[in-house]
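The next block is data.cif, given as mmCIF, C-alpha atoms and all ligand atoms.
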```cif
data_protein
loop_
_atom_site.group_PDB
_atom_site.id
_atom_site.type_symbol
_atom_site.label_atom_id
_atom_site.label_comp_id
_atom_site.auth_asym_id
_atom_site.auth_seq_id
_atom_site.Cartn_x
_atom_site.Cartn_y
_atom_site.Cartn_z
ATOM 1 C CA MET D 15 -5.966 -9.462 12.706
ATOM 2 C CA LYS D 16 -7.061 -5.852 12.391
ATOM 3 C CA THR D 17 -4.832 -2.877 11.576
ATOM 4 C CA GLN D 18 -6.735 0.324 12.348
ATOM 5 C CA LEU D 19 -6.190 3.432 10.249
ATOM 6 C CA SER D 20 -8.062 6.713 10.517
ATOM 7 C CA SER D 21 -8.462 10.036 8.742
ATOM 8 C CA GLY D 22 -9.683 11.573 12.001
ATOM 9 C CA THR D 23 -13.326 11.109 10.987
ATOM 10 C CA THR D 24 -13.266 7.922 8.852
ATOM 11 C CA ASP D 25 -11.797 4.648 10.072
ATOM 12 C CA VAL D 26 -10.403 2.007 7.726
ATOM 13 C CA VAL D 27 -9.486 -1.437 9.016
ATOM 14 C CA ILE D 28 -7.003 -3.639 7.167
ATOM 15 C CA ASP D 29 -8.355 -7.030 8.174
ATOM 16 C CA THR D 30 -7.007 -10.542 7.550
ATOM 17 C CA GLU D 31 -10.624 -11.765 7.708
ATOM 18 C CA GLY D 32 -12.265 -8.953 5.749
ATOM 19 C CA PRO D 33 -12.436 -7.527 2.248
ATOM 20 C CA MET D 34 -9.263 -6.197 0.630
ATOM 21 C CA THR D 35 -8.125 -2.656 1.484
ATOM 22 C CA MET D 36 -7.115 -0.600 -1.571
ATOM 23 C CA ILE D 37 -4.402 2.049 -1.245
ATOM 24 C CA GLY D 38 -4.400 4.447 -4.209
ATOM 25 C CA GLU D 39 -0.903 4.497 -5.751
ATOM 26 C CA LYS D 40 -1.047 7.526 -8.029
ATOM 27 C CA ILE D 41 0.374 10.271 -5.812
ATOM 28 C CA ASN D 42 3.904 9.038 -6.542
ATOM 29 C CA PRO D 43 6.104 10.962 -9.005
ATOM 30 C CA THR D 44 8.260 7.966 -9.974
ATOM 31 C CA GLY D 45 7.911 7.751 -13.758
ATOM 32 C CA ARG D 46 5.237 10.481 -13.857
ATOM 33 C CA LYS D 47 6.623 13.674 -15.339
ATOM 34 C CA ARG D 48 3.449 15.708 -14.930
ATOM 35 C CA LEU D 49 3.190 14.965 -11.209
ATOM 36 C CA ALA D 50 6.922 15.544 -10.674
ATOM 37 C CA ALA D 51 6.577 18.974 -12.327
ATOM 38 C CA ALA D 52 3.439 19.770 -10.301
ATOM 39 C CA LEU D 53 5.248 18.950 -7.037
ATOM 40 C CA THR D 54 8.344 20.952 -7.989
ATOM 41 C CA GLU D 55 6.208 23.964 -8.981
ATOM 42 C CA GLY D 56 3.899 23.700 -5.973
ATOM 43 C CA ASN D 57 0.901 23.173 -8.288
ATOM 44 C CA TYR D 58 -1.117 21.177 -5.794
ATOM 45 C CA ASP D 59 -4.422 21.459 -7.703
ATOM 46 C CA TYR D 60 -3.283 18.599 -9.925
ATOM 47 C CA VAL D 61 -2.498 16.486 -6.857
ATOM 48 C CA VAL D 62 -5.927 17.246 -5.352
ATOM 49 C CA ASP D 63 -7.500 16.040 -8.634
ATOM 50 C CA LEU D 64 -5.524 12.788 -8.344
ATOM 51 C CA ALA D 65 -6.667 12.404 -4.731
ATOM 52 C CA VAL D 66 -10.364 13.000 -5.488
ATOM 53 C CA SER D 67 -10.417 10.758 -8.583
ATOM 54 C CA GLN D 68 -8.782 7.862 -6.723
ATOM 55 C CA VAL D 69 -11.269 8.059 -3.852
ATOM 56 C CA GLU D 70 -14.116 8.206 -6.385
ATOM 57 C CA ALA D 71 -12.643 5.065 -7.986
ATOM 58 C CA GLY D 72 -12.848 3.253 -4.645
ATOM 59 C CA ALA D 73 -9.461 3.798 -2.978
ATOM 60 C CA ASP D 74 -9.828 3.331 0.807
ATOM 61 C CA VAL D 75 -6.467 4.949 1.637
ATOM 62 C CA LEU D 76 -4.147 7.222 -0.410
ATOM 63 C CA ASP D 77 -0.381 6.791 -0.698
ATOM 64 C CA ILE D 78 1.492 10.109 -0.578
ATOM 65 C CA ASN D 79 5.007 10.031 -2.059
ATOM 66 C CA VAL D 80 6.721 13.327 -2.950
ATOM 67 C CA GLY D 81 10.150 11.889 -3.814
ATOM 68 C CA VAL D 82 11.452 14.178 -6.570
ATOM 69 C CA ALA D 83 15.181 15.012 -6.876
ATOM 70 C CA GLU D 84 16.143 18.371 -5.307
ATOM 71 C CA ILE D 85 12.744 18.896 -3.704
ATOM 72 C CA ASP D 86 12.409 19.973 -0.046
ATOM 73 C CA GLU D 87 10.730 16.701 0.876
ATOM 74 C CA VAL D 88 9.869 17.686 4.458
ATOM 75 C CA LYS D 89 8.185 20.921 3.377
ATOM 76 C CA VAL D 90 6.322 19.390 0.429
ATOM 77 C CA MET D 91 5.187 16.363 2.460
ATOM 78 C CA ARG D 92 3.861 18.666 5.210
ATOM 79 C CA GLU D 93 1.994 20.885 2.724
ATOM 80 C CA LEU D 94 0.628 18.045 0.627
ATOM 81 C CA VAL D 95 -0.604 15.907 3.517
ATOM 82 C CA ALA D 96 -2.464 18.942 4.867
ATOM 83 C CA ILE D 97 -4.031 19.738 1.481
ATOM 84 C CA VAL D 98 -5.005 16.135 0.659
ATOM 85 C CA SER D 99 -6.454 15.694 4.183
ATOM 86 C CA ASP D 100 -8.705 18.691 3.583
ATOM 87 C CA ALA D 101 -9.748 17.485 0.102
ATOM 88 C CA VAL D 102 -10.667 13.854 0.857
ATOM 89 C CA ASP D 103 -11.792 11.955 3.958
ATOM 90 C CA VAL D 104 -9.613 8.832 3.816
ATOM 91 C CA PRO D 105 -6.600 7.753 5.889
ATOM 92 C CA LEU D 106 -3.191 8.386 4.318
ATOM 93 C CA CYS D 107 -0.174 6.196 3.667
ATOM 94 C CA ILE D 108 2.924 8.357 4.151
ATOM 95 C CA ASP D 109 5.502 7.069 1.697
ATOM 96 C CA SER D 110 9.115 8.128 2.253
ATOM 97 C CA PRO D 111 12.440 6.664 3.363
ATOM 98 C CA SER D 112 13.137 9.877 5.341
ATOM 99 C CA PRO D 113 12.170 9.884 9.043
ATOM 100 C CA GLU D 114 11.933 13.705 8.953
ATOM 101 C CA ALA D 115 9.482 13.647 6.037
ATOM 102 C CA ILE D 116 7.468 10.888 7.720
ATOM 103 C CA ILE D 117 7.241 12.900 10.945
ATOM 104 C CA ALA D 118 6.186 16.013 8.981
ATOM 105 C CA GLY D 119 3.391 13.967 7.372
ATOM 106 C CA ILE D 120 2.268 12.355 10.625
ATOM 107 C CA GLU D 121 2.109 15.694 12.412
ATOM 108 C CA VAL D 122 -0.275 17.292 9.923
ATOM 109 C CA CYS D 123 -2.470 14.295 9.119
ATOM 110 C CA LYS D 124 -5.446 14.234 11.435
ATOM 111 C CA GLY D 125 -5.878 10.539 12.223
ATOM 112 C CA ARG D 126 -3.754 7.371 12.285
ATOM 113 C CA PRO D 127 -1.672 6.957 9.107
ATOM 114 C CA LEU D 128 0.123 3.983 7.636
ATOM 115 C CA ILE D 129 3.876 4.531 7.156
ATOM 116 C CA ASN D 130 5.390 3.217 3.888
ATOM 117 C CA SER D 131 7.868 1.823 4.887
ATOM 118 C CA VAL D 132 10.476 0.187 7.068
ATOM 119 C CA ASN D 133 12.679 -2.634 5.784
ATOM 120 C CA GLY D 134 14.977 -5.169 7.419
ATOM 121 C CA GLU D 135 18.129 -3.067 7.031
ATOM 122 C CA GLU D 136 19.560 -2.062 10.390
ATOM 123 C CA ALA D 137 19.636 1.614 9.326
ATOM 124 C CA SER D 138 15.952 1.555 8.321
ATOM 125 C CA MET D 139 14.718 -0.256 11.442
ATOM 126 C CA SER D 140 16.659 2.024 13.792
ATOM 127 C CA ALA D 141 15.443 5.194 12.013
ATOM 128 C CA ILE D 142 11.788 4.360 11.305
ATOM 129 C CA LEU D 143 10.524 2.056 14.061
ATOM 130 C CA PRO D 144 11.058 4.561 16.924
ATOM 131 C CA VAL D 145 8.943 7.076 14.942
ATOM 132 C CA VAL D 146 6.193 4.459 14.488
ATOM 133 C CA LYS D 147 6.294 3.784 18.229
ATOM 134 C CA GLU D 148 6.343 7.433 19.298
ATOM 135 C CA TYR D 149 3.339 8.377 17.154
ATOM 136 C CA ASP D 150 1.504 5.031 17.486
ATOM 137 C CA ALA D 151 1.282 4.775 13.688
ATOM 138 C CA ALA D 152 0.929 1.623 11.594
ATOM 139 C CA VAL D 153 3.807 0.614 9.302
ATOM 140 C CA ILE D 154 4.505 -1.445 6.183
ATOM 141 C CA GLY D 155 7.522 -3.761 6.620
ATOM 142 C CA LEU D 156 9.262 -4.648 3.340
ATOM 143 C CA ALA D 157 10.882 -8.076 3.020
ATOM 144 C CA LEU D 158 14.319 -6.809 1.987
ATOM 145 C CA ASP D 159 17.519 -5.982 3.871
ATOM 146 C CA GLU D 160 21.249 -5.302 3.358
ATOM 147 C CA GLY D 161 21.384 -8.306 1.024
ATOM 148 C CA GLY D 162 18.605 -6.896 -1.211
ATOM 149 C CA ILE D 163 15.334 -8.713 -1.984
ATOM 150 C CA PRO D 164 15.887 -12.382 -1.063
ATOM 151 C CA PRO D 165 15.272 -14.810 -3.946
ATOM 152 C CA THR D 166 13.553 -17.440 -1.778
ATOM 153 C CA ALA D 167 10.330 -17.399 0.242
ATOM 154 C CA ALA D 168 12.201 -18.757 3.293
ATOM 155 C CA ASP D 169 14.585 -15.807 3.268
ATOM 156 C CA ARG D 170 11.826 -13.214 2.673
ATOM 157 C CA PHE D 171 9.928 -14.757 5.586
ATOM 158 C CA ALA D 172 13.078 -14.478 7.740
ATOM 159 C CA VAL D 173 13.434 -10.747 6.948
ATOM 160 C CA ALA D 174 9.764 -10.168 7.806
ATOM 161 C CA GLU D 175 10.302 -12.037 11.074
ATOM 162 C CA LYS D 176 13.319 -9.852 11.867
ATOM 163 C CA ILE D 177 11.194 -6.691 11.393
ATOM 164 C CA ILE D 178 8.326 -8.116 13.477
ATOM 165 C CA ASP D 179 10.744 -9.083 16.287
ATOM 166 C CA ARG D 180 12.513 -5.717 16.312
ATOM 167 C CA ALA D 181 9.186 -3.863 16.333
ATOM 168 C CA GLY D 182 7.987 -6.088 19.168
ATOM 169 C CA SER D 183 11.102 -5.302 21.223
ATOM 170 C CA LEU D 184 10.179 -1.596 20.939
ATOM 171 C CA GLY D 185 6.581 -2.279 22.028
ATOM 172 C CA ILE D 186 5.015 -2.074 18.562
ATOM 173 C CA PRO D 187 2.307 -4.771 18.357
ATOM 174 C CA LEU D 188 1.831 -7.108 15.384
ATOM 175 C CA GLU D 189 -1.499 -5.376 14.690
ATOM 176 C CA SER D 190 0.398 -2.206 13.768
ATOM 177 C CA ILE D 191 2.521 -3.996 11.146
ATOM 178 C CA VAL D 192 1.575 -4.843 7.565
ATOM 179 C CA ILE D 193 4.163 -7.023 5.831
ATOM 180 C CA ASP D 194 4.921 -6.448 2.138
ATOM 181 C CA PRO D 195 6.535 -9.617 0.741
ATOM 182 C CA LEU D 196 7.482 -7.700 -2.463
ATOM 183 C CA VAL D 197 6.595 -8.483 -6.025
ATOM 184 C CA LEU D 198 9.106 -8.731 -8.894
ATOM 185 C CA THR D 199 8.238 -9.130 -12.538
ATOM 186 C CA VAL D 200 7.645 -12.560 -13.993
ATOM 187 C CA GLY D 201 9.057 -11.058 -17.197
ATOM 188 C CA ALA D 202 12.563 -11.464 -15.739
ATOM 189 C CA ASP D 203 12.038 -14.659 -13.708
ATOM 190 C CA SER D 204 9.029 -16.878 -14.272
ATOM 191 C CA SER D 205 9.080 -18.084 -10.634
ATOM 192 C CA ALA D 206 8.964 -14.523 -9.214
ATOM 193 C CA ALA D 207 5.239 -14.530 -8.419
ATOM 194 C CA ARG D 208 5.432 -18.025 -6.899
ATOM 195 C CA VAL D 209 8.051 -16.794 -4.394
ATOM 196 C CA THR D 210 5.749 -13.934 -3.327
ATOM 197 C CA LEU D 211 2.711 -16.231 -3.037
ATOM 198 C CA ASP D 212 4.681 -18.743 -0.921
ATOM 199 C CA THR D 213 5.905 -15.938 1.355
ATOM 200 C CA ILE D 214 2.328 -14.722 1.861
ATOM 201 C CA ARG D 215 1.117 -18.228 2.705
ATOM 202 C CA ARG D 216 3.764 -18.769 5.369
ATOM 203 C CA LEU D 217 3.378 -15.314 6.947
ATOM 204 C CA VAL D 218 -0.387 -15.768 7.180
ATOM 205 C CA ALA D 219 -0.059 -19.301 8.615
ATOM 206 C CA GLU D 220 2.584 -18.474 11.225
ATOM 207 C CA TYR D 221 1.828 -14.859 12.177
ATOM 208 C CA GLY D 222 -1.697 -14.175 10.926
ATOM 209 C CA VAL D 223 -0.348 -10.742 9.997
ATOM 210 C CA ASN D 224 -1.826 -8.319 7.459
ATOM 211 C CA ILE D 225 -0.155 -8.435 4.024
ATOM 212 C CA ASN D 226 0.253 -5.584 1.504
ATOM 213 C CA LEU D 227 1.325 -5.845 -2.140
ATOM 214 C CA GLY D 228 2.328 -3.444 -4.897
ATOM 215 C CA ALA D 229 0.726 -5.899 -7.269
ATOM 216 C CA SER D 230 1.354 -4.266 -10.647
ATOM 217 C CA ASN D 231 5.125 -4.846 -10.466
ATOM 218 C CA VAL D 232 4.402 -8.450 -11.429
ATOM 219 C CA SER D 233 3.799 -7.596 -15.088
ATOM 220 C CA PHE D 234 6.590 -5.128 -15.959
ATOM 221 C CA GLY D 235 7.912 -5.715 -19.455
ATOM 222 C CA LEU D 236 5.146 -8.083 -20.573
ATOM 223 C CA PRO D 237 2.195 -7.569 -22.946
ATOM 224 C CA ASP D 238 -1.369 -7.102 -21.656
ATOM 225 C CA ARG D 239 -0.201 -6.187 -18.163
ATOM 226 C CA HIS D 240 -3.770 -5.792 -16.938
ATOM 227 C CA THR D 241 -4.597 -9.484 -17.442
ATOM 228 C CA LEU D 242 -1.500 -10.564 -15.509
ATOM 229 C CA ASN D 243 -2.224 -8.039 -12.752
ATOM 230 C CA GLN D 244 -5.808 -9.310 -12.405
ATOM 231 C CA ALA D 245 -4.689 -12.939 -12.250
ATOM 232 C CA PHE D 246 -1.926 -12.187 -9.753
ATOM 233 C CA ILE D 247 -4.018 -10.095 -7.363
ATOM 234 C CA SER D 248 -6.624 -12.877 -7.301
ATOM 235 C CA LEU D 249 -4.010 -15.533 -6.496
ATOM 236 C CA ALA D 250 -2.440 -13.315 -3.806
ATOM 237 C CA MET D 251 -5.850 -12.760 -2.205
ATOM 238 C CA GLY D 252 -6.369 -16.520 -2.273
ATOM 239 C CA GLU D 253 -3.207 -16.866 -0.182
ATOM 240 C CA GLY D 254 -4.470 -14.236 2.267
ATOM 241 C CA ALA D 255 -3.221 -10.829 1.088
ATOM 242 C CA SER D 256 -5.353 -8.148 2.761
ATOM 243 C CA CYS D 257 -4.157 -4.852 1.258
ATOM 244 C CA ALA D 258 -2.788 -3.592 -2.075
ATOM 245 C CA ILE D 259 -1.153 -0.393 -3.303
ATOM 246 C CA THR D 260 -2.863 -0.215 -6.655
ATOM 247 C CA ASP D 261 -4.859 1.697 -9.238
ATOM 248 C CA ALA D 262 -8.421 1.245 -7.956
ATOM 249 C CA ALA D 263 -9.858 2.423 -11.282
ATOM 250 C CA LYS D 264 -8.176 -0.525 -12.996
ATOM 251 C CA LEU D 265 -8.220 -3.327 -10.397
ATOM 252 C CA GLY D 266 -11.110 -2.376 -8.095
ATOM 253 C CA LEU D 267 -13.761 -4.584 -9.664
ATOM 254 C CA THR D 268 -11.408 -7.588 -9.860
ATOM 255 C CA ILE D 269 -10.594 -7.112 -6.179
ATOM 256 C CA ARG D 270 -14.287 -6.922 -5.202
ATOM 257 C CA ALA D 271 -14.911 -10.031 -7.351
ATOM 258 C CA ALA D 272 -12.132 -11.948 -5.554
ATOM 259 C CA ASP D 273 -13.535 -10.813 -2.172
ATOM 260 C CA LEU D 274 -16.898 -12.305 -3.143
ATOM 261 C CA LEU D 275 -15.325 -15.525 -4.449
ATOM 262 C CA ARG D 276 -13.257 -16.061 -1.275
ATOM 263 C CA GLY D 277 -16.299 -15.622 0.956
ATOM 264 C CA ARG D 278 -15.539 -12.127 2.282
ATOM 265 C CA ASP D 279 -18.552 -10.321 0.821
ATOM 266 C CA GLY D 280 -21.919 -11.302 2.328
ATOM 267 C CA TYR D 281 -24.673 -11.455 -0.323
ATOM 268 C CA GLY D 282 -22.214 -9.977 -2.844
ATOM 269 C CA MET D 283 -23.167 -6.481 -1.716
ATOM 270 C CA GLY D 284 -19.605 -5.137 -1.966
ATOM 271 C CA TYR D 285 -19.270 -6.403 -5.535
ATOM 272 C CA ILE D 286 -22.696 -5.154 -6.605
ATOM 273 C CA LYS D 287 -22.253 -1.749 -4.969
ATOM 274 C CA TYR D 288 -18.830 -1.372 -6.528
ATOM 275 C CA PHE D 289 -20.153 -2.376 -9.945
ATOM 276 C CA ARG D 290 -23.034 0.100 -9.746
ATOM 277 C CA ALA D 291 -20.775 2.940 -8.679
ATOM 278 C CA HIS D 292 -17.807 2.314 -10.958
ATOM 279 C CA ALA D 293 -18.582 0.123 -13.957
ATOM 280 C CA PRO D 294 -18.347 1.743 -17.388
ATOM 281 C CA GLU D 295 -21.790 2.786 -18.724
ATOM 282 C CA ASP D 296 -21.681 0.134 -21.454
ATOM 283 C CA ASP D 297 -21.540 -2.688 -18.905
ATOM 284 C CA ALA D 298 -24.195 -1.339 -16.517
HETATM 285 N N1 LIG H 301 5.285 -1.849 -2.001
HETATM 286 C C1 LIG H 301 5.172 -0.746 -1.249
HETATM 287 N N2 LIG H 301 5.164 0.495 -1.776
HETATM 288 C C2 LIG H 301 5.302 0.651 -3.106
HETATM 289 C C3 LIG H 301 5.428 -0.476 -3.952
HETATM 290 C C4 LIG H 301 5.414 -1.750 -3.364
HETATM 291 N N3 LIG H 301 5.324 1.904 -3.644
HETATM 292 C C5 LIG H 301 5.675 2.089 -5.032
HETATM 293 C C6 LIG H 301 5.131 0.946 -5.883
HETATM 294 N N4 LIG H 301 5.515 -0.304 -5.315
HETATM 295 C C7 LIG H 301 3.628 1.026 -5.943
HETATM 296 N N5 LIG H 301 3.245 2.270 -6.471
HETATM 297 C C8 LIG H 301 3.132 2.499 -7.845
HETATM 298 C C9 LIG H 301 2.866 3.800 -8.218
HETATM 299 C C10 LIG H 301 2.649 4.094 -9.542
HETATM 300 C C11 LIG H 301 2.731 3.084 -10.493
HETATM 301 C C12 LIG H 301 3.003 1.804 -10.109
HETATM 302 C C13 LIG H 301 3.209 1.498 -8.772
HETATM 303 C C14 LIG H 301 2.459 3.456 -11.895
HETATM 304 N N6 LIG H 301 3.024 2.825 -12.891
HETATM 305 C C15 LIG H 301 2.747 3.112 -14.310
HETATM 306 C C16 LIG H 301 3.358 1.957 -15.067
HETATM 307 O O1 LIG H 301 3.856 1.050 -14.413
HETATM 308 O O2 LIG H 301 3.301 1.931 -16.249
HETATM 309 C C17 LIG H 301 3.359 4.408 -14.821
HETATM 310 C C18 LIG H 301 2.570 5.637 -14.450
HETATM 311 C C19 LIG H 301 1.334 5.843 -15.278
HETATM 312 O O3 LIG H 301 0.274 5.263 -14.976
HETATM 313 O O4 LIG H 301 1.421 6.638 -16.209
HETATM 314 O O5 LIG H 301 1.663 4.339 -12.106
HETATM 315 O O6 LIG H 301 5.534 -2.804 -4.044
HETATM 316 N N7 LIG H 301 5.036 -0.893 0.087
#
```
So, in terms of structure tokens, how does the structure I just supplied come out?
Amino acid sequence: MKTQLSSGTTDVVIDTEGPMTMIGEKINPTGRKRLAAALTEGNYDYVVDLAVSQVEAGADVLDINVGVAEIDEVKVMRELVAIVSDAVDVPLCIDSPSPEAIIAGIEVCKGRPLINSVNGEEASMSAILPVVKEYDAAVIGLALDEGGIPPTAADRFAVAEKIIDRAGSLGIPLESIVIDPLVLTVGADSSAARVTLDTIRRLVAEYGVNINLGASNVSFGLPDRHTLNQAFISLAMGEGASCAITDAAKLGLTIRAADLLRGRDGYGMGYIKYFRAHAPEDDA
């Protein structure tokens, strides 16, 4: 299954049969004081630096989240999407719970964006899915609803199915949906990653749908987070995950390695090219 995204001039395809798509996570002020201040002050140079450095590190798509308390989210989303679109030639992932902010982002971005996100709550589906339909965007569907994040794979699958069905009833095809089965930390519950992996397996088997993950959540509160993140992203790719919101500078080479190992990288060219472009000098 192929989910087409575009910057207007560059196309990116999230593909259940292809190499992993990397969405750069860093334009998100949650827990980042410097970015929150830059957004509040309208200092967009710092955000442009974050955009350029993530694309240089191999991000295929950039997430844009401007969620700071008391900010005019519609205005800042409109301005930032325009500025980032001029600075880098990659499709954007417009990250907001607000339909007005999402529309502002869609209207200024030049190609086909990914919307982050809709979830299985009635209020979210009825607010976001009509926007996705009207603008023919692609959308991430989160496996949570009024009851929160379900503790079992069966219940996360059921929420994903509810989103897929509702989207279908509005004429949004499965190709336009990327399901995010959600990742919780194994620091709090040692079966948390297993639940996510089982949800991925079933969604891929029954729907063949594209799957996105915010993979670094898995390691919150534990030592040597990078090792856990590398192991988890590899296992998730083994189950069929096709897209991750991540730090390409940290996980890019692991992701290209897993693409090669799962037979998605003919002659290892993706891995070798990535290594040549991004490996630290010492390892070259
Ligand atoms: N699914 C979807 N969207 C998501 C998530 C998801 N968006 C938010 C989040 N999860 C993914 N994005 C981020 C953005 C930034 C960071 C982590 C995830 C981050 N964290 C550092 C840390 O954890 O220590 C703190 C910042 C820093 O590097 O200084 O950066 O699951 N659809």
With all atoms listed in the file counted, collect every polymer residue having an atom within 8 Å of ligand LIG 301 (chain H); state the result as a ChimeraX atom specification.
-> /D:39-46,109,130-131,154-156,194,196-197,226-231,234,259-261
Residue contacts of segment 205-221 of chain D (8 Å, all atoms listed in the file) excluding same-chain residues fewer than 6 positions away, as a list in words =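 Returned residues: Pro165, Thr166, Ala167, Ala168, Arg170, Phe171, Pro195, Leu196, Val197, Leu198, Thr199, Val232, Phe246, Leu249, Ala250, Glu253, Gly254 and Ala255 of chain D.
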Can you spit out the residues from that selection as a PDB file, in the coordinates of the input, using C-alpha atoms?
```pdb
ATOM      1  CA  PRO D 165      15.272 -14.810  -3.946  1.00  0.00           C
ATOM      2  CA  THR D 166      13.553 -17.440  -1.778  1.00  0.00           C
ATOM      3  CA  ALA D 167      10.330 -17.399   0.242  1.00  0.00           C
ATOM      4  CA  ALA D 168      12.201 -18.757   3.293  1.00  0.00           C
ATOM      5  CA  ARG D 170      11.826 -13.214   2.673  1.00  0.00           C
ATOM      6  CA  PHE D 171       9.928 -14.757   5.586  1.00  0.00           C
ATOM      7  CA  PRO D 195       6.535  -9.617   0.741  1.00  0.00           C
ATOM      8  CA  LEU D 196       7.482  -7.700  -2.463  1.00  0.00           C
ATOM      9  CA  VAL D 197       6.595  -8.483  -6.025  1.00  0.00           C
ATOM     10  CA  LEU D 198       9.106  -8.731  -8.894  1.00  0.00           C
ATOM     11  CA  THR D 199       8.238  -9.130 -12.538  1.00  0.00           C
ATOM     12  CA  VAL D 232       4.402  -8.450 -11.429  1.00  0.00           C
ATOM     13  CA  PHE D 246      -1.926 -12.187  -9.753  1.00  0.00           C
ATOM     14  CA  LEU D 249      -4.010 -15.533  -6.496  1.00  0.00           C
ATOM     15  CA  ALA D 250      -2.440 -13.315  -3.806  1.00  0.00           C
ATOM     16  CA  GLU D 253      -3.207 -16.866  -0.182  1.00  0.00           C
ATOM     17  CA  GLY D 254      -4.470 -14.236   2.267  1.00  0.00           C
ATOM     18  CA  ALA D 255      -3.221 -10.829   1.088  1.00  0.00           C
TER      19      ALA D 255
END
```
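Picture a line from atom CA of Lys47 of chain D to atom CA of Ile78 of chain D; it runs 16.0 Å.
Here, the PyMOL selection byres (((chain D and resi 89-100) around 6) and not hetatm) matches Asp86, Glu87, Val88, Ala101, Val102, Ala118, Gly119 and Val122 of chain D.
Distance-wise, atom CA of Ile193 of chain D and atom CA of Asn224 of chain D end up 6.3 Å apart.
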Need the neighbours of (10.4, 1.5, 7.6): which residues are at most 6 Å away, counting all atoms listed in the file, as a list in words?
->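 Residues satisfying the cut-off, written out: Ser131, Val132, Asn133, Ser138 and Ile142 of chain D.
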Atom-to-atom span, atom CA of Ser110 of chain D and atom CA of Arg239 of chain D, Å | 26.6 Å
Rank nothing, just name the residue among D:Asp179, D:Glu55, D:Asp29, D:Asp77 nearest to Ser256 of chain D, using all atoms listed in the file.
-> D:Asp29
Could you tell me, as a list of chain:residue names, which residues have any atom at most 12 Å from (16.0, 20.0, -7.6), counting only C-alpha atoms?
->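 Output of the proximity query reads D:Ala50, D:Ala51, D:Leu53, D:Thr54, D:Glu55, D:Gly81, D:Val82, D:Ala83, D:Glu84, D:Ile85, D:Asp86, D:Glu87.
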Draw an axis-aligned box over all listed atoms of segment 137-149 of chain D, pad each side with 4 Å, and write its centre and edge lengths in Å, one decimal, as AutoDock Vina command-line options.
```
--center_x 11.5 --center_y 4.1 --center_z 13.8 --size_x 24.3 --size_y 16.6 --size_z 19.0
```
Could I see segment 35-45 of chain D restored to N, CA, C and O atoms, set down as a compact mmCIF listing (two decimals), in the frame of the given file?
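selection21.txt, written as the output of this step:
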```txt
# COMPACT_ATOMS: atom_id res chain seq x y z
N THR D 35 -8.28 -4.12 1.41
CA THR D 35 -8.12 -2.66 1.48
C THR D 35 -7.32 -2.18 0.28
O THR D 35 -6.27 -2.75 -0.03
N MET D 36 -7.82 -1.15 -0.40
CA MET D 36 -7.12 -0.60 -1.57
C MET D 36 -6.46 0.74 -1.23
O MET D 36 -7.15 1.68 -0.81
N ILE D 37 -5.16 0.80 -1.43
CA ILE D 37 -4.40 2.05 -1.25
C ILE D 37 -4.12 2.62 -2.63
O ILE D 37 -3.47 1.97 -3.45
N GLY D 38 -4.62 3.82 -2.90
CA GLY D 38 -4.40 4.45 -4.21
C GLY D 38 -2.93 4.81 -4.39
O GLY D 38 -2.34 5.47 -3.55
N GLU D 39 -2.36 4.40 -5.53
CA GLU D 39 -0.90 4.50 -5.75
C GLU D 39 -0.46 5.75 -6.49
O GLU D 39 0.73 6.00 -6.63
N LYS D 40 -1.42 6.56 -6.99
CA LYS D 40 -1.05 7.53 -8.03
C LYS D 40 -0.33 8.78 -7.56
O LYS D 40 0.26 9.48 -8.39
N ILE D 41 -0.37 9.09 -6.25
CA ILE D 41 0.37 10.27 -5.81
C ILE D 41 1.80 9.82 -5.51
O ILE D 41 2.23 9.67 -4.36
N ASN D 42 2.53 9.54 -6.60
CA ASN D 42 3.90 9.04 -6.54
C ASN D 42 4.56 9.47 -7.85
O ASN D 42 4.16 9.01 -8.92
N PRO D 43 5.55 10.38 -7.77
CA PRO D 43 6.10 10.96 -9.01
C PRO D 43 7.06 10.05 -9.77
O PRO D 43 7.48 10.42 -10.87
N THR D 44 7.36 8.86 -9.26
CA THR D 44 8.26 7.97 -9.97
C THR D 44 7.68 7.63 -11.35
O THR D 44 6.59 7.06 -11.44
N GLY D 45 8.37 8.04 -12.41
CA GLY D 45 7.91 7.75 -13.76
C GLY D 45 6.73 8.59 -14.23
O GLY D 45 6.16 8.30 -15.28
```
